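For reference, upload07.cif (mmCIF, C-alpha atoms):
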data_structure
loop_
_atom_site.group_PDB
_atom_site.id
_atom_site.type_symbol
_atom_site.label_atom_id
_atom_site.label_comp_id
_atom_site.auth_asym_id
_atom_site.auth_seq_id
_atom_site.Cartn_x
_atom_site.Cartn_y
_atom_site.Cartn_z
ATOM 1 C CA MET A 25 102.431 103.518 80.138
ATOM 2 C CA ALA A 26 105.839 103.379 81.795
ATOM 3 C CA ALA A 27 107.194 106.798 82.708
ATOM 4 C CA PRO A 28 110.254 107.565 80.542
ATOM 5 C CA LEU A 29 113.608 107.539 82.276
ATOM 6 C CA THR A 30 115.403 110.870 81.970
ATOM 7 C CA ASP A 31 118.199 112.801 83.654
ATOM 8 C CA GLU A 32 115.457 114.825 85.331
ATOM 9 C CA GLY A 33 113.988 111.767 87.049
ATOM 10 C CA ARG A 34 110.420 110.632 86.777
ATOM 11 C CA PHE A 35 107.474 111.245 89.041
ATOM 12 C CA PRO A 36 104.146 110.509 87.414
ATOM 13 C CA ALA A 37 101.592 112.266 89.628
ATOM 14 C CA VAL A 38 98.685 110.656 87.832
ATOM 15 C CA GLN A 39 98.873 107.468 85.789
ATOM 16 C CA LYS A 40 96.065 106.576 83.409
ATOM 17 C CA ILE A 41 95.250 102.915 83.101
ATOM 18 C CA THR A 42 92.484 100.923 81.475
ATOM 19 C CA LYS A 43 89.450 99.761 83.409
ATOM 20 C CA ALA A 44 90.703 96.169 83.214
ATOM 21 C CA GLU A 45 94.074 97.192 84.663
ATOM 22 C CA TYR A 46 92.357 99.308 87.303
ATOM 23 C CA ASP A 47 90.092 96.448 88.342
ATOM 24 C CA HIS A 48 93.032 94.034 88.455
ATOM 25 C CA PHE A 49 95.090 96.481 90.512
ATOM 26 C CA VAL A 50 92.360 97.264 93.043
ATOM 27 C CA LYS A 51 91.256 93.651 93.362
ATOM 28 C CA THR A 52 94.811 92.377 93.838
ATOM 29 C CA CYS A 53 95.609 95.032 96.415
ATOM 30 C CA ALA A 54 92.491 94.114 98.397
ATOM 31 C CA GLN A 55 93.408 90.450 98.655
ATOM 32 C CA GLN A 56 95.178 88.969 101.640
ATOM 33 C CA PRO A 57 98.320 87.622 100.070
ATOM 34 C CA LYS A 58 100.700 84.911 101.101
ATOM 35 C CA PRO A 59 104.117 86.472 100.644
ATOM 36 C CA SER A 60 106.796 84.481 98.895
ATOM 37 C CA GLN A 61 109.798 83.118 100.739
ATOM 38 C CA ASN A 62 111.965 85.513 98.736
ATOM 39 C CA LEU A 63 110.066 88.526 100.022
ATOM 40 C CA ILE A 64 110.022 87.240 103.590
ATOM 41 C CA ALA A 65 113.752 86.522 103.389
ATOM 42 C CA LEU A 66 114.388 90.042 102.098
ATOM 43 C CA MET A 67 112.485 91.638 104.949
ATOM 44 C CA SER A 68 114.094 89.273 107.469
ATOM 45 C CA ALA A 69 117.571 90.132 106.264
ATOM 46 C CA PHE A 70 117.018 93.861 106.528
ATOM 47 C CA LYS A 71 114.770 94.515 109.475
ATOM 48 C CA ARG A 72 114.129 98.057 110.559
ATOM 49 C CA GLU A 73 114.589 98.865 114.221
ATOM 50 C CA LYS A 74 111.404 100.076 115.865
ATOM 51 C CA MET B 9 135.737 90.599 95.206
ATOM 52 C CA LEU B 10 132.415 91.603 96.707
ATOM 53 C CA LYS B 11 132.377 94.548 99.065
ATOM 54 C CA ASP B 12 131.691 94.031 102.739
ATOM 55 C CA ILE B 13 128.453 95.856 103.483
ATOM 56 C CA SER B 14 128.322 95.311 107.240
ATOM 57 C CA ASN B 15 128.817 99.045 107.804
ATOM 58 C CA VAL B 16 126.500 100.246 105.060
ATOM 59 C CA HIS B 17 123.554 102.298 106.262
ATOM 60 C CA ILE B 18 120.678 104.084 104.567
ATOM 61 C CA VAL B 19 119.592 107.570 105.493
ATOM 62 C CA PRO B 20 117.545 110.383 103.957
ATOM 63 C CA LEU B 21 119.604 112.416 101.497
ATOM 64 C CA ARG B 22 121.331 115.438 102.980
ATOM 65 C CA SER B 23 121.976 117.487 99.895
ATOM 66 C CA ALA B 24 124.708 119.659 101.338
ATOM 67 C CA GLU B 25 126.639 116.766 102.854
ATOM 68 C CA HIS B 26 126.343 113.605 100.824
ATOM 69 C CA ILE B 27 128.842 113.334 97.987
ATOM 70 C CA ARG B 28 127.138 112.352 94.743
ATOM 71 C CA ARG B 29 129.656 113.393 92.097
ATOM 72 C CA GLY B 30 131.481 110.051 92.329
ATOM 73 C CA PHE B 31 128.379 107.923 91.867
ATOM 74 C CA CYS B 32 128.965 105.567 88.929
ATOM 75 C CA CYS B 33 126.200 103.581 87.304
ATOM 76 C CA SER B 34 126.059 101.762 83.998
ATOM 77 C CA VAL B 35 122.758 103.464 83.226
ATOM 78 C CA GLN B 36 123.860 106.969 82.269
ATOM 79 C CA LYS B 37 120.544 108.667 82.985
ATOM 80 C CA ILE B 38 120.430 107.274 86.503
ATOM 81 C CA GLN B 39 124.016 108.360 87.103
ATOM 82 C CA ASN B 40 123.268 111.846 85.777
ATOM 83 C CA TYR B 41 120.138 112.107 87.867
ATOM 84 C CA CYS B 42 121.968 111.157 91.063
ATOM 85 C CA ARG B 43 124.875 113.478 90.381
ATOM 86 C CA ASN B 44 123.030 116.497 89.057
ATOM 87 C CA ASN B 45 119.338 116.610 89.859
ATOM 88 C CA ILE B 46 118.200 114.501 92.770
ATOM 89 C CA HIS B 47 118.979 117.150 95.390
ATOM 90 C CA ARG B 48 116.718 119.789 93.858
ATOM 91 C CA GLN B 49 113.678 117.537 93.772
ATOM 92 C CA HIS B 50 114.438 116.139 97.210
ATOM 93 C CA ASP B 51 114.829 119.568 98.767
ATOM 94 C CA ALA B 52 111.604 120.736 97.106
ATOM 95 C CA TYR B 53 109.765 117.687 98.485
ATOM 96 C CA GLN B 54 108.862 116.646 94.955
ATOM 97 C CA VAL B 55 110.448 113.305 95.797
ATOM 98 C CA ARG B 56 112.114 111.869 98.880
ATOM 99 C CA ALA B 57 115.503 110.358 98.314
ATOM 100 C CA PHE B 58 117.428 107.920 100.496
ATOM 101 C CA VAL B 59 121.091 107.142 100.089
ATOM 102 C CA ALA B 60 123.356 104.305 101.143
ATOM 103 C CA CYS B 61 126.762 105.150 102.583
ATOM 104 C CA ASP B 62 129.555 102.900 103.791
ATOM 105 C CA GLY B 63 130.730 103.558 107.334
ATOM 106 C CA ASP B 64 131.692 107.156 108.056
ATOM 107 C CA SER B 65 132.056 108.016 104.387
ATOM 108 C CA LEU B 66 129.571 110.469 102.909
ATOM 109 C CA ASP B 67 130.053 109.086 99.398
ATOM 110 C CA VAL B 68 126.796 107.804 97.944
ATOM 111 C CA ILE B 69 127.056 104.137 97.007
ATOM 112 C CA GLY B 70 123.401 103.626 96.273
ATOM 113 C CA PHE B 71 120.124 105.461 96.345
ATOM 114 C CA TYR B 72 116.421 105.262 95.740
ATOM 115 C CA TYR B 73 113.645 107.788 95.725
ATOM 116 C CA LEU B 74 109.934 107.649 96.266
ATOM 117 C CA CYS B 75 107.112 109.931 95.293
ATOM 118 C CA LEU B 76 103.360 109.768 95.399
ATOM 119 C CA THR B 77 101.254 108.804 92.440
ATOM 120 C CA SER B 78 97.692 107.781 91.749
ATOM 121 C CA PHE B 79 96.014 105.568 89.229
ATOM 122 C CA VAL B 80 92.882 106.562 87.396
ATOM 123 C CA ILE B 81 90.886 104.968 84.627
ATOM 124 C CA GLY B 82 91.226 106.656 81.288
ATOM 125 C CA LYS B 83 93.517 107.748 78.531
ATOM 126 C CA ILE B 84 95.823 110.737 78.612
ATOM 127 C CA ASP B 85 93.766 113.933 78.063
ATOM 128 C CA ASP B 86 90.554 111.957 77.903
ATOM 129 C CA PRO B 87 87.817 114.638 77.643
ATOM 130 C CA SER B 88 85.497 112.540 79.769
ATOM 131 C CA ASP B 89 87.821 112.744 82.770
ATOM 132 C CA ASP B 90 85.885 115.593 84.298
ATOM 133 C CA LYS B 91 82.534 113.875 84.296
ATOM 134 C CA PHE B 92 81.079 112.876 87.614
ATOM 135 C CA ASP B 93 82.062 109.415 88.792
ATOM 136 C CA ARG B 94 84.514 109.043 85.984
ATOM 137 C CA VAL B 95 87.629 109.460 88.045
ATOM 138 C CA LYS B 96 88.269 107.029 90.853
ATOM 139 C CA ALA B 97 91.834 107.657 91.843
ATOM 140 C CA VAL B 98 93.647 105.124 93.972
ATOM 141 C CA PRO B 99 96.832 106.194 95.763
ATOM 142 C CA ALA B 100 100.166 104.497 95.351
ATOM 143 C CA VAL B 101 103.817 105.101 96.104
ATOM 144 C CA TYR B 102 106.126 105.229 93.104
ATOM 145 C CA LEU B 103 109.699 103.961 93.230
ATOM 146 C CA GLY B 104 111.223 106.300 90.696
ATOM 147 C CA MET B 105 114.757 104.917 90.680
ATOM 148 C CA ILE B 106 116.810 102.467 92.697
ATOM 149 C CA ALA B 107 120.468 102.048 91.881
ATOM 150 C CA VAL B 108 123.796 100.890 93.264
ATOM 151 C CA HIS B 109 127.296 102.181 92.571
ATOM 152 C CA ASP B 110 129.121 99.930 90.100
ATOM 153 C CA ASP B 111 131.693 98.979 92.758
ATOM 154 C CA TYR B 112 128.949 97.564 94.982
ATOM 155 C CA ILE B 113 127.024 95.570 92.375
ATOM 156 C CA GLY B 114 126.178 92.124 93.745
ATOM 157 C CA SER B 115 127.122 93.043 97.311
ATOM 158 C CA GLY B 116 123.568 93.187 98.639
ATOM 159 C CA VAL B 117 123.228 96.966 98.796
ATOM 160 C CA GLY B 118 120.439 96.821 96.205
ATOM 161 C CA LYS B 119 118.427 94.417 98.342
ATOM 162 C CA MET B 120 119.114 96.574 101.369
ATOM 163 C CA LEU B 121 117.761 99.593 99.500
ATOM 164 C CA MET B 122 114.698 97.670 98.327
ATOM 165 C CA ALA B 123 113.899 96.449 101.847
ATOM 166 C CA HIS B 124 114.290 100.021 103.099
ATOM 167 C CA ALA B 125 111.927 101.263 100.373
ATOM 168 C CA LEU B 126 109.336 98.650 101.363
ATOM 169 C CA HIS B 127 109.553 99.671 105.017
ATOM 170 C CA THR B 128 109.208 103.316 104.033
ATOM 171 C CA THR B 129 106.154 102.457 101.945
ATOM 172 C CA THR B 130 104.447 100.935 104.979
ATOM 173 C CA GLU B 131 105.235 104.090 106.958
ATOM 174 C CA ILE B 132 103.669 106.229 104.245
ATOM 175 C CA ALA B 133 100.648 103.925 104.245
ATOM 176 C CA ASP B 134 100.277 104.266 108.010
ATOM 177 C CA ARG B 135 100.340 108.050 107.790
ATOM 178 C CA ALA B 136 98.642 108.904 104.525
ATOM 179 C CA GLY B 137 97.300 105.725 102.949
ATOM 180 C CA THR B 138 98.431 103.857 99.866
ATOM 181 C CA TYR B 139 97.466 100.739 97.964
ATOM 182 C CA ALA B 140 100.838 99.606 96.691
ATOM 183 C CA LEU B 141 104.403 100.339 95.773
ATOM 184 C CA THR B 142 104.689 100.746 92.018
ATOM 185 C CA LEU B 143 107.583 101.044 89.605
ATOM 186 C CA ASP B 144 108.510 100.992 85.959
ATOM 187 C CA ALA B 145 111.180 98.353 85.363
ATOM 188 C CA LEU B 146 113.968 99.316 82.986
ATOM 189 C CA ASN B 147 113.822 96.080 81.028
ATOM 190 C CA GLU B 148 112.426 92.552 80.913
ATOM 191 C CA LYS B 149 115.336 91.148 82.902
ATOM 192 C CA LEU B 150 114.489 93.441 85.789
ATOM 193 C CA VAL B 151 110.806 92.527 85.482
ATOM 194 C CA GLU B 152 111.771 88.950 86.227
ATOM 195 C CA TYR B 153 113.973 90.098 89.106
ATOM 196 C CA TYR B 154 111.189 92.129 90.712
ATOM 197 C CA LYS B 155 108.761 89.240 90.268
ATOM 198 C CA LYS B 156 110.919 87.252 92.688
ATOM 199 C CA PHE B 157 109.849 89.770 95.313
ATOM 200 C CA ASP B 158 106.143 89.465 94.484
ATOM 201 C CA PHE B 159 105.866 92.482 92.204
ATOM 202 C CA GLN B 160 103.205 91.939 89.575
ATOM 203 C CA THR B 161 102.804 93.405 86.155
ATOM 204 C CA PHE B 162 99.707 95.297 85.157
ATOM 205 C CA LYS B 163 97.910 92.804 82.972
ATOM 206 C CA GLN B 164 97.574 95.056 79.977
ATOM 207 C CA GLY B 165 100.377 97.531 80.529
ATOM 208 C CA GLU B 166 101.465 99.036 77.259
ATOM 209 C CA THR B 167 105.095 98.109 77.725
ATOM 210 C CA GLY B 168 104.777 95.253 80.200
ATOM 211 C CA LEU B 169 107.274 97.026 82.449
ATOM 212 C CA GLU B 170 104.761 98.611 84.804
ATOM 213 C CA MET B 171 104.698 96.736 88.086
ATOM 214 C CA PHE B 172 103.176 96.937 91.534
ATOM 215 C CA LEU B 173 103.553 95.281 94.914
ATOM 216 C CA PRO B 174 100.424 95.459 97.077
ATOM 217 C CA LEU B 175 100.845 97.053 100.481
ATOM 218 C CA LYS B 176 99.272 93.990 102.072
ATOM 219 C CA SER B 177 102.010 91.808 100.593
ATOM 220 C CA ILE B 178 104.663 94.015 102.166
ATOM 221 C CA GLN B 179 102.900 94.026 105.528
ATOM 222 C CA ALA B 180 102.449 90.250 105.421
ATOM 223 C CA ALA B 181 106.116 89.743 104.613
ATOM 224 C CA ILE B 182 107.201 91.998 107.481
ATOM 225 C CA ALA B 183 104.857 90.180 109.864
ATOM 226 C CA ALA B 184 106.176 86.817 108.688
ATOM 227 C CA SER B 185 109.771 87.949 109.076
ATOM 228 C CA GLU B 186 109.079 89.088 112.638
ATOM 229 C CA LEU B 187 107.328 85.799 113.415
ATOM 230 C CA THR B 188 110.353 83.909 112.168
ATOM 231 C CA THR B 189 112.490 85.790 114.678
ATOM 232 C CA MET B 190 110.107 85.070 117.537
ATOM 233 C CA LEU B 191 109.920 81.313 116.972
ATOM 234 C CA PRO B 192 111.733 79.414 119.736
ATOM 235 C CA GLU B 193 114.818 77.540 118.745
ATOM 236 C CA LYS B 194 114.420 73.820 118.273
ATOM 237 C CA PRO B 195 115.283 71.955 121.477
ATOM 238 C CA GLU B 196 118.340 69.864 121.194
ATOM 239 C CA ALA B 197 117.722 66.172 120.819
ATOM 240 C CA ALA B 198 117.710 64.371 124.116
ATOM 241 C CA GLY B 199 120.090 61.604 124.815
#
Give the structure from the file, written as structure tokens.
Amino acid sequence: MAAPLTDEGRFPAVQKITKAEYDHFVKTCAQQPKPSQNLIALMSAFKREK
Amino acid sequence: MLKDISNVHIVPLRSAEHIRRGFCCSVQKIQNYCRNNIHRQHDAYQVRAFVACDGDSLDVIGFYYLCLTSFVIGKIDDPSDDKFDRVKAVPAVYLGMIAVHDDYIGSGVGKMLMAHALHTTTEIADRAGTYALTLDALNEKLVEYYKKFDFQTFKQGETGLEMFLPLKSIQAAIAASELTTMLPEKPEAAG
């Protein structure tokens, strides 16, 4: 469930999700993605100096 | 007329120096948070806040903050949470708020802040581990905006506003952006 927006901010230390959401999240994060051109362009436009 | 952001830079919040009282945002709660509360949580290391400033000015023209979160299977106050093997927490970074001063809307400061947040997420991952950057979008319009940058919704999120961007997507995008820079320029046509 989305953390409510308040004047005090929001910082959900633990978020409860369903097993289906959990499985989707973990599986997606484990995949080797092909980033979109939008995301590549964003990171190209604002590189961080090393 | 759009603001020139060539001198805009992003730095960690310095509570005693950065001027937040002039920060204007159409979302009142975000404006109030920036003006009144962000410094306490930042200084207590409850969150880490980063602010955008233009040139030598200490006025805050944009900000975002990150904190740590984790995802576990279950419902709030589920009595079975304490059973063995029930809880498998996975770590994530949470983008609590990201906002730009009204005067700088459309100037690119928001994208600059987002790129900075993605870089910071990879740094956190390198030092402490994380699966993804997560956020709760304010509305459906912003869901569509974040999707342009590969954020995904949780399939069965109760509101449909919960989103995440896998760490590997961020790393792949950074690697691709660096590769783009390293590619040799096309040789000019002979003749």
Wanna dump the chain A-chain B contacts at 7 Å for me, each residue with its shortest atom pair and the distance in Å to one decimal, counting all atoms listed in the file, ordered by chain and number, as JSON lines?
{"residue": "A:Met25", "atom": "CA", "partner": "B:Glu166", "partner_atom": "CA", "distance": 5.4}
{"residue": "A:Ala26", "atom": "CA", "partner": "B:Asp144", "partner_atom": "CA", "distance": 5.5}
{"residue": "A:Ala27", "atom": "CA", "partner": "B:Asp144", "partner_atom": "CA", "distance": 6.8}
{"residue": "A:Thr30", "atom": "CA", "partner": "B:Lys37", "partner_atom": "CA", "distance": 5.7}
{"residue": "A:Asp31", "atom": "CA", "partner": "B:Tyr41", "partner_atom": "CA", "distance": 4.7}
{"residue": "A:Glu32", "atom": "CA", "partner": "B:Tyr41", "partner_atom": "CA", "distance": 6.0}
{"residue": "A:Gly33", "atom": "CA", "partner": "B:Tyr41", "partner_atom": "CA", "distance": 6.2}
{"residue": "A:Arg34", "atom": "CA", "partner": "B:Gly104", "partner_atom": "CA", "distance": 5.9}
{"residue": "A:Phe35", "atom": "CA", "partner": "B:Cys75", "partner_atom": "CA", "distance": 6.4}
{"residue": "A:Pro36", "atom": "CA", "partner": "B:Thr77", "partner_atom": "CA", "distance": 6.0}
{"residue": "A:Ala37", "atom": "CA", "partner": "B:Thr77", "partner_atom": "CA", "distance": 4.5}
{"residue": "A:Val38", "atom": "CA", "partner": "B:Ser78", "partner_atom": "CA", "distance": 5.0}
{"residue": "A:Gln39", "atom": "CA", "partner": "B:Phe79", "partner_atom": "CA", "distance": 4.9}
{"residue": "A:Lys40", "atom": "CA", "partner": "B:Val80", "partner_atom": "CA", "distance": 5.1}
{"residue": "A:Ile41", "atom": "CA", "partner": "B:Ile81", "partner_atom": "CA", "distance": 5.1}
{"residue": "A:Thr42", "atom": "CA", "partner": "B:Ile81", "partner_atom": "CA", "distance": 5.4}
{"residue": "A:Lys43", "atom": "CA", "partner": "B:Ile81", "partner_atom": "CA", "distance": 5.5}
{"residue": "A:Glu45", "atom": "CA", "partner": "B:Phe162", "partner_atom": "CA", "distance": 6.0}
{"residue": "A:Tyr46", "atom": "CA", "partner": "B:Ile81", "partner_atom": "CA", "distance": 6.4}
{"residue": "A:Cys53", "atom": "CA", "partner": "B:Pro174", "partner_atom": "CA", "distance": 4.9}
{"residue": "A:Gln56", "atom": "CA", "partner": "B:Lys176", "partner_atom": "CA", "distance": 6.5}
{"residue": "A:Pro57", "atom": "CA", "partner": "B:Ser177", "partner_atom": "CA", "distance": 5.6}
{"residue": "A:Pro59", "atom": "CA", "partner": "B:Ala181", "partner_atom": "CA", "distance": 5.5}
{"residue": "A:Ser60", "atom": "CA", "partner": "B:Asp158", "partner_atom": "CA", "distance": 6.7}
{"residue": "A:Asn62", "atom": "CA", "partner": "B:Phe157", "partner_atom": "CA", "distance": 5.9}
{"residue": "A:Leu63", "atom": "CA", "partner": "B:Phe157", "partner_atom": "CA", "distance": 4.9}
{"residue": "A:Ile64", "atom": "CA", "partner": "B:Ala181", "partner_atom": "CA", "distance": 4.8}
{"residue": "A:Leu66", "atom": "CA", "partner": "B:Ala123", "partner_atom": "CA", "distance": 6.4}
{"residue": "A:Met67", "atom": "CA", "partner": "B:Ile182", "partner_atom": "CA", "distance": 5.9}
{"residue": "A:Ser68", "atom": "CA", "partner": "B:Ser185", "partner_atom": "CA", "distance": 4.8}
{"residue": "A:Phe70", "atom": "CA", "partner": "B:Ala123", "partner_atom": "CA", "distance": 6.2}
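Taking atom CA of B:His47 and atom CA of B:Gly137 as the two end points, the separation is 25.6 Å.
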Pick from B:Cys61, B:Tyr72, B:Leu141, B:Ile27, whichever lies nearest to B:Ser14 using only C-alpha atoms: B:Cys61
Could you work out an axis-aligned bounding box for all listed atoms of stretch 43-62 of chain B, with 4 Å added on each of the six sides, and give its centre and edge lengths in Å to one decimal, as AutoDock Vina command-line options?
--center_x 119.2 --center_y 111.8 --center_z 96.4 --size_x 28.7 --size_y 25.8 --size_z 22.7
Two-atom distance - atom CA of B:Ser23, atom CA of B:Tyr53 (Å):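 Result for atom CA of B:Ser23 versus atom CA of B:Tyr53: 12.3 Å, one decimal.
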Distance of atom CA of B:Ala133 from atom CA of B:Gly118, expressed in Å to one decimal place: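 Atom-to-atom, atom CA of B:Gly118 to atom CA of B:Ala133, that is 22.5 Å.
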